[in-house]
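Student: Below you will find the structure I want to go over with you.
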Amino acid sequence: MTERNRTPWVVGVSGASGTPYAAAVLRGLLAAGESVDLVVSRASRLTLLDETGIAFRDAHWREDLAEWLARGADGKPGTFEGLTPDADVRYWGAGDLAAGPSSGSYQVKGMLIVPASTACVAGVALGLSKDLLQRVASVTLKERRRLVVAVRETPLNGQTLKHLVALDEAGAVVLPASPAFYAGATHIQDLVDFVAGRVLDAAGVPHRLYRRWEGELGGSRSPQGSSGGEQAGD
């Protein structure tokens, strides 16, 4: 794909717990042949280090991303292929407010914030643009592009609920990281993949991350019930 024809999805990773959700969404986008522009907030680096032991470094971002994407939701290394050499990923530092996606003239398909902390939700709802992640989200809204906000917090206080309503009214898809069990989950990865699959559904990106409801009670207990983690063997 030439640079001129490249139209990526921006994936923003905030400091909320749930870095496996981000990894699953990234794997799903790349498996679908999508281009990705990645923004990892400063707070999310601490969460990533705590949840996976991976120190995400600007100078070695591709190496660290490969290790991150290869891990399963249970933290086991080598569960997935990770980052292939031909994966179309561009990384932008969270403090780089002159980055390409900070401008509406930079063509992207939309933005997925996975996971989204309450601080991130507030910043985007109020239009603060205190870092690149929030700035890109604001640009996404003003350009009327698709914005999916996978908020990961519980319980939610009134102020956060107001911010989420404001995002919904602005055109964003508010998608709580709420795993479902009808897909026949047998592993933590299945629950993570369900949420990631719903994010990709909201973005209109095809995937095979979870078993869809087909109107058959007990279908999740059939031999084909759970399809989570299929990409590990693809």
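Every chain in the structure tokens takes a letter, A first, then B, and so on in the order presented; its residues are numbered from 1, and the ligands are numbered from 1 following the presented order.
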Please extract the residues of stretch 13-224 of chain A with a backbone DSSP assignment of helix (DSSP H, G or I) and present them as a count of residues only.

Tutor: 91

Student: Please provide the set of residues having any atom within 9 Å of A:Leu69, restricted to only C-alpha atoms, with same-chain residues fewer than 4 positions apart removed, written as a list of chain:residue names.

Tutor: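 Here the qualifying residues turn out to be A:Pro20, A:Ala22, A:Ala23, A:Ala24, A:Leu26, A:Arg27, A:Asp64, A:Leu65, A:Gly78, A:Thr79, A:Phe80, A:Glu81, A:Gly82, A:Leu83.
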
Student: Could you list, with a cut-off of 12 Å and counting only C-alpha atoms, the residues of stretch 26-88 of chain A near stretch 123-135 of chain A, each shown with its nearest atom pair and the distance in Å rounded to one decimal, rows sorted by chain and ascending number, as JSON lines?

Tutor:
{"residue": "A:Asp37", "atom": "CA", "partner": "A:Leu133", "partner_atom": "CA", "distance": 11.1}
{"residue": "A:Leu38", "atom": "CA", "partner": "A:Leu133", "partner_atom": "CA", "distance": 9.3}
{"residue": "A:Val39", "atom": "CA", "partner": "A:Leu133", "partner_atom": "CA", "distance": 6.2}
{"residue": "A:Val40", "atom": "CA", "partner": "A:Leu133", "partner_atom": "CA", "distance": 7.6}
{"residue": "A:Ser41", "atom": "CA", "partner": "A:Leu133", "partner_atom": "CA", "distance": 6.8}
{"residue": "A:Arg42", "atom": "CA", "partner": "A:Asp131", "partner_atom": "CA", "distance": 9.3}
{"residue": "A:Ala43", "atom": "CA", "partner": "A:Asp131", "partner_atom": "CA", "distance": 11.2}
{"residue": "A:Ser44", "atom": "CA", "partner": "A:Leu133", "partner_atom": "CA", "distance": 11.2}

Student: I need the chosen residues saved as an mmCIF file, in the first residue's frame, with N, CA, C and O atoms.

Tutor:
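And here's selection-v7.cif as it stands now:
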data_model
loop_
_atom_site.group_PDB
_atom_site.id
_atom_site.type_symbol
_atom_site.label_atom_id
_atom_site.label_comp_id
_atom_site.auth_asym_id
_atom_site.auth_seq_id
_atom_site.Cartn_x
_atom_site.Cartn_y
_atom_site.Cartn_z
ATOM 1 N N ASP A 37 -2.657 3.381 12.986
ATOM 2 C CA ASP A 37 -1.836 4.399 13.630
ATOM 3 C C ASP A 37 -2.058 4.243 15.134
ATOM 4 O O ASP A 37 -3.209 4.282 15.589
ATOM 5 N N LEU A 38 -1.000 4.055 15.885
ATOM 6 C CA LEU A 38 -1.106 3.729 17.312
ATOM 7 C C LEU A 38 -0.655 4.902 18.177
ATOM 8 O O LEU A 38 0.397 5.490 17.941
ATOM 9 N N VAL A 39 -1.479 5.216 19.187
ATOM 10 C CA VAL A 39 -1.137 6.230 20.183
ATOM 11 C C VAL A 39 -1.275 5.592 21.556
ATOM 12 O O VAL A 39 -2.366 5.138 21.925
ATOM 13 N N VAL A 40 -0.182 5.540 22.293
ATOM 14 C CA VAL A 40 -0.173 4.934 23.625
ATOM 15 C C VAL A 40 0.082 6.043 24.644
ATOM 16 O O VAL A 40 1.136 6.686 24.617
ATOM 17 N N SER A 41 -0.887 6.296 25.510
ATOM 18 C CA SER A 41 -0.738 7.392 26.468
ATOM 19 C C SER A 41 0.344 7.079 27.491
ATOM 20 O O SER A 41 0.746 5.925 27.680
ATOM 21 N N ARG A 42 0.792 8.114 28.170
ATOM 22 C CA ARG A 42 1.828 7.915 29.197
ATOM 23 C C ARG A 42 1.302 7.041 30.325
ATOM 24 O O ARG A 42 2.002 6.159 30.830
ATOM 25 N N ALA A 43 0.055 7.278 30.735
ATOM 26 C CA ALA A 43 -0.521 6.486 31.825
ATOM 27 C C ALA A 43 -0.663 5.021 31.425
ATOM 28 O O ALA A 43 -0.490 4.119 32.254
ATOM 29 N N SER A 44 -0.962 4.774 30.147
ATOM 30 C CA SER A 44 -1.165 3.386 29.713
ATOM 31 C C SER A 44 0.125 2.586 29.765
ATOM 32 O O SER A 44 0.100 1.360 29.896
#

Student: For A:Ala31, which residue out of A:Ala87, A:Val173, A:Ala150, A:Val108 is the nearest one, using only C-alpha atoms?

Tutor: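 Going through A:Ala87, A:Val173, A:Ala150, A:Val108 one by one, the smallest distance to A:Ala31 is for A:Ala87.
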
Student: Could you write out, as a list in words, all the residues of stretch 46-221 of chain A that DSSP marks as strand (DSSP E or B)?

Tutor: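 Answer for stretch 46-221 of chain A restricted to strand (DSSP E or B) is Val89, Arg90, Tyr91, Trp92, Gly93, Gly110, Met111, Leu112, Ile113, Val114, Pro115, Ala116, Arg146, Leu147, Val148, Val149, Ala150, Val151, Val173 and Val174 of chain A.
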
Student: With distances taken over only C-alpha atoms, which of A:Leu141, A:Val148, A:Leu29, A:Ala16 is nearest to A:Arg208?

Tutor: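 Comparing A:Leu141, A:Val148, A:Leu29, A:Ala16 against A:Arg208, the winner is A:Leu29.
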
Student: Tell me, in Å to one decimal, how far atom CA of A:Ala116 is from atom CA of A:Val11.

Tutor: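 Value for the atom CA of A:Ala116-atom CA of A:Val11 distance: 10.9 Å.
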
Student: Taking 5 positions as the minimum chain separation for residues in the same chain, which residues sit within 7 Å of stretch 162-169 of chain A when counting only C-alpha atoms? Answer as a list of chain:residue names.

Tutor: A:Val121, A:Ala122, A:Ala125, A:Val174

Student: May I have the selected residues written with N, CA, C and O atoms, as a PDB file, in the first residue's frame?

Tutor:
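The new file part.pdb reads:
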ATOM      1  N   VAL A 121     -12.135   9.800  28.999  1.00  0.00           N
ATOM      2  CA  VAL A 121     -13.507  10.115  28.626  1.00  0.00           C
ATOM      3  C   VAL A 121     -13.817  11.583  28.921  1.00  0.00           C
ATOM      4  O   VAL A 121     -14.379  12.303  28.086  1.00  0.00           O
ATOM      5  N   ALA A 122     -13.420  12.040  30.099  1.00  0.00           N
ATOM      6  CA  ALA A 122     -13.676  13.426  30.483  1.00  0.00           C
ATOM      7  C   ALA A 122     -12.936  14.390  29.557  1.00  0.00           C
ATOM      8  O   ALA A 122     -13.505  15.383  29.095  1.00  0.00           O
ATOM      9  N   ALA A 125     -14.659  14.418  26.149  1.00  0.00           N
ATOM     10  CA  ALA A 125     -15.984  15.041  26.221  1.00  0.00           C
ATOM     11  C   ALA A 125     -15.889  16.549  26.374  1.00  0.00           C
ATOM     12  O   ALA A 125     -16.719  17.294  25.832  1.00  0.00           O
ATOM     13  N   VAL A 174     -20.330   4.716  22.428  1.00  0.00           N
ATOM     14  CA  VAL A 174     -19.878   4.406  23.784  1.00  0.00           C
ATOM     15  C   VAL A 174     -20.046   2.909  23.994  1.00  0.00           C
ATOM     16  O   VAL A 174     -21.164   2.389  23.976  1.00  0.00           O
TER      17      VAL A 174
END

Student: From the list A:Leu156, A:Ala172, A:Ala66, A:Leu209, which residue is nearest A:Gly197 when using only C-alpha atoms?

Tutor: A:Leu209

Student: For atom CA of A:Asp190 and atom CA of A:Ala73, quote the distance in Å rounded to one decimal.

Tutor: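 Atom CA of A:Ala73 lies at a distance of 8.9 Å from atom CA of A:Asp190.
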
Student: Measuring between only C-alpha atoms, which one of A:Tyr182, A:Trp61, A:Trp9, A:Phe194 shows the shortest distance to A:Val36?

Tutor: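 Smallest separation from A:Val36 among the options: A:Trp9.
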
Student: If you measure from atom CA of A:Thr19 to atom CA of A:Arg62, what distance in Å do you get, rounded to one decimal?

Tutor: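 Atom CA of A:Arg62 lies at a distance of 16.3 Å from atom CA of A:Thr19.
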